[in-house]
$ cat entry29.txt   # compact mmCIF, C-alpha atoms
# COMPACT_ATOMS: atom_id res chain seq x y z
CA ASP A 1 -78.01 161.28 81.78
CA ALA A 2 -81.18 159.22 81.75
CA LYS A 3 -83.47 159.83 84.71
CA THR A 4 -84.67 156.23 84.76
CA THR A 5 -83.16 152.86 85.59
CA GLN A 6 -84.34 149.55 84.19
CA PRO A 7 -83.11 145.96 84.36
CA THR A 8 -80.90 145.06 81.43
CA SER A 9 -82.86 142.01 80.38
CA MET A 10 -85.88 139.86 81.22
CA ASP A 11 -87.47 136.67 79.95
CA CYS A 12 -91.15 135.85 79.73
CA ALA A 13 -93.05 132.77 78.63
CA GLU A 14 -95.37 133.19 75.67
CA GLY A 15 -98.95 133.78 76.78
CA ARG A 16 -97.96 134.95 80.24
CA ALA A 17 -97.94 138.54 81.49
CA ALA A 18 -94.68 140.44 81.11
CA ASN A 19 -94.04 142.94 83.91
CA LEU A 20 -91.28 145.43 83.14
CA PRO A 21 -90.17 147.67 86.03
CA CYS A 22 -88.72 151.16 85.89
CA ASN A 23 -87.31 153.36 88.65
CA HIS A 24 -87.59 157.13 88.35
CA SER A 25 -86.93 158.28 91.90
CA THR A 26 -86.10 161.89 90.92
CA ILE A 27 -89.25 162.46 88.87
CA SER A 28 -90.80 165.88 89.34
CA GLY A 29 -94.46 166.70 89.67
CA ASN A 30 -95.08 167.69 86.06
CA GLU A 31 -93.13 164.90 84.42
CA TYR A 32 -94.91 162.10 82.66
CA VAL A 33 -93.67 158.52 82.37
CA TYR A 34 -93.48 157.27 78.78
CA TRP A 35 -92.81 153.79 77.48
CA TYR A 36 -91.48 152.94 74.03
CA ARG A 37 -90.26 149.72 72.49
CA GLN A 38 -87.80 149.06 69.71
CA ILE A 39 -87.80 145.97 67.59
CA HIS A 40 -84.45 145.21 66.02
CA SER A 41 -83.30 147.76 63.42
CA GLN A 42 -86.52 149.80 63.53
CA GLY A 43 -87.44 153.14 65.05
CA PRO A 44 -88.87 153.05 68.60
CA GLN A 45 -92.64 152.74 68.85
CA TYR A 46 -94.75 154.53 71.45
CA ILE A 47 -96.64 152.25 73.85
CA ILE A 48 -98.24 154.22 76.65
CA HIS A 49 -97.72 157.12 79.05
CA GLY A 50 -99.11 158.39 82.34
CA LEU A 51 -98.74 160.98 85.07
CA LYS A 52 -100.23 159.62 88.28
CA ASN A 53 -103.07 157.27 87.52
CA ASN A 54 -102.79 153.82 86.07
CA GLU A 55 -103.37 153.71 82.34
CA THR A 56 -104.47 151.01 79.93
CA ASN A 57 -104.66 150.86 76.16
CA GLU A 58 -104.86 148.15 73.54
CA MET A 59 -101.17 147.38 73.87
CA ALA A 60 -100.39 147.50 77.56
CA SER A 61 -101.12 148.72 81.06
CA LEU A 62 -99.03 151.17 83.06
CA ILE A 63 -98.99 151.02 86.83
CA ILE A 64 -97.44 154.01 88.61
CA THR A 65 -96.75 153.85 92.33
CA GLU A 66 -98.43 156.36 94.59
CA ASP A 67 -95.15 158.19 95.26
CA ARG A 68 -94.47 158.12 91.48
CA LYS A 69 -90.92 156.91 92.03
CA SER A 70 -91.39 153.76 90.02
CA SER A 71 -93.69 152.22 87.46
CA THR A 72 -94.40 148.90 85.78
CA LEU A 73 -95.36 148.23 82.19
CA ILE A 74 -97.56 145.18 81.84
CA LEU A 75 -98.03 143.26 78.60
CA PRO A 76 -100.95 141.04 79.63
CA HIS A 77 -100.43 138.14 77.22
CA ALA A 78 -96.94 138.31 75.76
CA THR A 79 -96.37 136.95 72.27
CA LEU A 80 -93.16 136.23 70.41
CA ARG A 81 -93.65 139.51 68.53
CA ASP A 82 -93.32 141.38 71.82
CA THR A 83 -89.62 140.48 71.94
CA ALA A 84 -87.95 143.90 71.86
CA VAL A 85 -86.05 146.51 73.85
CA TYR A 86 -88.39 148.50 76.11
CA TYR A 87 -87.49 152.05 77.12
CA CYS A 88 -88.95 153.97 80.04
CA ILE A 89 -88.40 157.72 79.97
CA VAL A 90 -89.70 160.72 81.91
CA ARG A 91 -90.60 163.95 80.24
CA ASP A 92 -91.99 167.31 81.26
CA SER A 93 -95.01 167.90 79.03
CA SER A 94 -94.61 171.68 79.30
CA ASN A 95 -91.51 171.75 77.12
CA THR A 96 -89.92 169.94 74.23
CA GLY A 97 -86.35 169.98 75.45
CA LYS A 98 -83.94 167.09 75.73
CA LEU A 99 -85.49 163.68 75.30
CA ILE A 100 -83.11 161.21 76.91
CA PHE A 101 -83.34 157.45 76.57
CA GLY A 102 -81.57 155.02 78.88
CA GLN A 103 -80.33 151.55 77.97
CA GLY A 104 -83.75 149.95 78.18
CA THR A 105 -84.78 146.38 79.04
CA THR A 106 -84.38 143.63 76.47
CA LEU A 107 -87.47 141.43 76.80
CA GLN A 108 -87.16 137.95 75.37
CA VAL A 109 -90.49 136.14 74.99
CA LYS A 110 -89.91 132.40 74.83
CA PRO A 111 -92.23 129.72 73.42
CA ASP B 1 -100.70 160.11 56.04
CA GLY B 2 -98.81 162.15 58.61
CA GLY B 3 -95.45 160.86 59.65
CA ILE B 4 -91.72 161.23 59.84
CA THR B 5 -89.48 160.03 57.04
CA GLN B 6 -85.78 159.33 57.01
CA SER B 7 -83.82 158.73 53.87
CA PRO B 8 -82.00 156.81 52.69
CA LYS B 9 -82.44 153.61 54.69
CA TYR B 10 -78.88 152.46 53.96
CA LEU B 11 -75.94 154.70 53.14
CA PHE B 12 -72.34 153.89 52.32
CA ARG B 13 -69.56 156.46 52.28
CA LYS B 14 -65.83 156.52 52.05
CA GLU B 15 -63.83 157.62 55.04
CA GLY B 16 -63.13 161.35 55.05
CA GLN B 17 -66.32 162.34 53.21
CA ASN B 18 -69.09 164.37 54.74
CA VAL B 19 -72.56 162.87 54.41
CA THR B 20 -76.01 164.35 55.07
CA LEU B 21 -78.93 162.32 56.41
CA SER B 22 -82.43 163.54 55.67
CA CYS B 23 -85.32 163.79 58.14
CA GLU B 24 -88.70 165.22 57.15
CA GLN B 25 -91.96 165.37 59.11
CA ASN B 26 -95.45 166.56 58.18
CA LEU B 27 -96.85 166.36 61.71
CA ASN B 28 -96.46 170.10 62.34
CA HIS B 29 -94.20 169.27 65.27
CA ASP B 30 -91.97 171.98 66.71
CA ALA B 31 -89.31 169.72 68.18
CA MET B 32 -87.02 167.39 66.27
CA TYR B 33 -84.22 165.12 67.48
CA TRP B 34 -81.29 163.09 66.13
CA TYR B 35 -80.02 159.98 67.88
CA ARG B 36 -77.21 157.59 67.26
CA GLN B 37 -77.47 153.90 68.13
CA ASP B 38 -74.57 151.44 68.15
CA PRO B 39 -75.05 147.66 68.20
CA GLY B 40 -76.55 146.46 71.49
CA GLN B 41 -76.71 149.98 72.87
CA GLY B 42 -79.43 152.50 73.68
CA LEU B 43 -80.17 155.77 71.88
CA ARG B 44 -77.74 158.65 72.41
CA LEU B 45 -78.84 162.20 71.66
CA ILE B 46 -76.77 164.06 69.05
CA TYR B 47 -78.69 167.31 68.46
CA TYR B 48 -82.18 168.60 69.03
CA SER B 49 -84.21 171.55 67.88
CA GLN B 50 -87.22 173.02 69.66
CA ILE B 51 -88.04 175.64 67.05
CA VAL B 52 -87.07 176.74 63.54
CA ASN B 53 -83.63 178.35 63.25
CA ASP B 54 -82.59 177.12 66.68
CA PHE B 55 -80.92 173.91 67.84
CA GLN B 56 -78.91 172.61 70.78
CA LYS B 57 -76.17 170.05 71.21
CA GLY B 58 -77.05 166.74 72.77
CA ASP B 59 -74.67 164.42 74.55
CA ILE B 60 -72.52 163.41 71.56
CA ALA B 61 -72.55 166.38 69.15
CA GLU B 62 -68.85 166.34 68.23
CA GLY B 63 -68.31 165.58 64.56
CA TYR B 64 -71.92 166.33 63.61
CA SER B 65 -73.77 169.42 62.40
CA VAL B 66 -77.45 170.22 61.83
CA SER B 67 -79.68 172.95 60.44
CA ARG B 68 -83.34 173.80 60.99
CA GLU B 69 -84.30 176.22 58.24
CA LYS B 70 -87.81 174.79 57.91
CA LYS B 71 -90.16 173.34 60.50
CA GLU B 72 -90.53 170.15 58.46
CA SER B 73 -86.86 169.38 57.98
CA PHE B 74 -83.89 168.68 60.27
CA PRO B 75 -80.96 167.30 58.25
CA LEU B 76 -77.91 165.85 60.01
CA THR B 77 -74.43 166.08 58.50
CA VAL B 78 -71.86 163.55 59.62
CA THR B 79 -68.54 165.26 59.07
CA SER B 80 -65.09 163.80 58.54
CA ALA B 81 -64.30 164.88 62.12
CA GLN B 82 -66.57 162.15 63.51
CA LYS B 83 -64.16 159.38 64.49
CA ASN B 84 -66.56 156.44 64.34
CA PRO B 85 -69.43 157.40 62.06
CA THR B 86 -70.67 153.89 61.26
CA ALA B 87 -73.94 153.54 63.21
CA PHE B 88 -77.72 153.49 63.04
CA TYR B 89 -79.17 157.03 63.05
CA LEU B 90 -82.69 157.80 64.22
CA CYS B 91 -84.69 160.99 63.85
CA ALA B 92 -87.72 161.87 65.97
CA SER B 93 -90.24 164.68 66.24
CA MET B 94 -92.56 165.74 69.01
CA GLY B 95 -95.33 168.28 69.49
CA GLN B 96 -96.09 170.49 72.45
CA GLY B 97 -97.94 169.24 75.50
CA ASN B 98 -98.83 165.76 76.53
CA THR B 99 -97.85 163.98 73.34
CA GLU B 100 -95.52 161.21 72.36
CA ALA B 101 -92.45 161.34 70.12
CA PHE B 102 -92.64 159.85 66.65
CA PHE B 103 -89.61 158.15 65.17
CA GLY B 104 -88.44 157.56 61.64
CA GLN B 105 -87.31 154.13 60.54
CA GLY B 106 -83.66 155.06 60.71
CA THR B 107 -80.66 155.34 58.41
CA ARG B 108 -77.88 152.80 58.68
CA LEU B 109 -74.63 154.55 57.77
CA THR B 110 -71.55 152.52 56.92
CA VAL B 111 -68.25 154.27 56.37
CA VAL B 112 -65.54 152.25 54.68
$ encode --input "entry29.txt" --output "structure tokens"
Amino acid sequence: DAKTTQPTSMDCAEGRAANLPCNHSTISGNEYVYWYRQIHSQGPQYIIHGLKNNETNEMASLIITEDRKSSTLILPHATLRDTAVYYCIVRDSSNTGKLIFGQGTTLQVKP
Amino acid sequence: DGGITQSPKYLFRKEGQNVTLSCEQNLNHDAMYWYRQDPGQGLRLIYYSQIVNDFQKGDIAEGYSVSREKKESFPLTVTSAQKNPTAFYLCASMGQGNTEAFFGQGTRLTVV
């Protein structure tokens, strides 16, 4: 079973920030939080990952709470091309075992 | 360029036939994964392999088989025992340590 829970769907206005939450209350100390997104009928694309500290790259920012039980992916200026399913997963970087995806959040960016 | 390739993109088969989906990577990744995705659903893990000549069942392995004879290749066979084989199949690979998984573009299998 997936170790994360996400809302099924969210809407966001074009040009506004999209904030996608993820709960991972059973995360262990050596597990990273990863975010991927999947545009219809394509393979998932990596976005960002982090362990404890907030992270930012050219695509998004990742905010992880101090207790690490939840995180938020922020797309600062959503565009129509950001409409996709967003998956949050946790993974222990010390092994390459099971990689389990949940149902993800369908983000609809509206004009 | 390094990457992961699935072929073919679309595949049609008659019911009762076995079919093999190809997945090749030149990223020197140890781990490889197969997922199945049905319309409007998330990814479900079929099989995974952490090292050559070894693989483990995922959550929905029944009706599928795999092999891992080479590091670069992880083919998936959909057998006639799979009750509902029509789906979108995704392959992924991942290296050791703090790295992300790379996905192929998928194979859409239709069984008629």
$ interface_residues --input "entry29.txt" --of "chain B" --to "chain A" --cutoff "12 Å" --atoms "only C-alpha atoms" --output "VMD selection string"
chain B and resid 4 to 6 9 to 10 29 to 51 54 to 60 87 to 108
$ atom_distance --input "entry29.txt" --atom1 "CA of Leu73 in chain A" --atom2 "CA of Lys52 in chain A"
13.8 Å
$ atom_distance --input "entry29.txt" --atom1 "CA of Asn18 in chain B" --atom2 "CA of Gly3 in chain B"
27.0 Å
$ residues_around --input "entry29.txt" --residues "Leu75 in chain A" --least-positions-apart "2" --cutoff "8 Å" --atoms "only C-alpha atoms" --output "PyMOL selection string"
chain A and resi 17-19+59-61+73+77-78
$ write_last_selection --input "entry29.txt" --atoms "C-alpha atoms" --output "short mmCIF file (atom, residue, chain, number, x, y, z; two decimals), keeping the file's coordinate frame"
data_model
loop_
_atom_site.label_atom_id
_atom_site.label_comp_id
_atom_site.auth_asym_id
_atom_site.auth_seq_id
_atom_site.Cartn_x
_atom_site.Cartn_y
_atom_site.Cartn_z
CA ALA A 17 -97.94 138.54 81.49
CA ALA A 18 -94.68 140.44 81.11
CA ASN A 19 -94.04 142.94 83.91
CA MET A 59 -101.17 147.38 73.87
CA ALA A 60 -100.39 147.50 77.56
CA SER A 61 -101.12 148.72 81.06
CA LEU A 73 -95.36 148.23 82.19
CA HIS A 77 -100.43 138.14 77.22
CA ALA A 78 -96.94 138.31 75.76
#
$ residues_around --input "entry29.txt" --residues "range 73-83 of chain B" --least-positions-apart "5" --cutoff "8 Å" --atoms "only C-alpha atoms" --output "short mmCIF file (atom, residue, chain, number, x, y, z; two decimals) with C-alpha atoms, in the coordinates of the input"
data_model
loop_
_atom_site.label_atom_id
_atom_site.label_comp_id
_atom_site.auth_asym_id
_atom_site.auth_seq_id
_atom_site.Cartn_x
_atom_site.Cartn_y
_atom_site.Cartn_z
CA GLU B 15 -63.83 157.62 55.04
CA GLY B 16 -63.13 161.35 55.05
CA GLN B 17 -66.32 162.34 53.21
CA ASN B 18 -69.09 164.37 54.74
CA VAL B 19 -72.56 162.87 54.41
CA THR B 20 -76.01 164.35 55.07
CA LEU B 21 -78.93 162.32 56.41
CA SER B 22 -82.43 163.54 55.67
CA CYS B 23 -85.32 163.79 58.14
CA GLU B 24 -88.70 165.22 57.15
CA GLN B 25 -91.96 165.37 59.11
CA MET B 32 -87.02 167.39 66.27
CA TRP B 34 -81.29 163.09 66.13
CA GLU B 62 -68.85 166.34 68.23
CA GLY B 63 -68.31 165.58 64.56
CA TYR B 64 -71.92 166.33 63.61
CA SER B 65 -73.77 169.42 62.40
CA VAL B 66 -77.45 170.22 61.83
CA SER B 67 -79.68 172.95 60.44
CA ARG B 68 -83.34 173.80 60.99
#
$ atom_distance --input "entry29.txt" --atom1 "CA of Val112 in chain B" --atom2 "CA of Asn84 in chain B"
10.6 Å
$ closest_residue --input "entry29.txt" --among "A:Ile89, A:Ile74, A:Leu107, A:Ala13" --to "Ile39 in chain A" --atoms "only C-alpha atoms"
A:Leu107
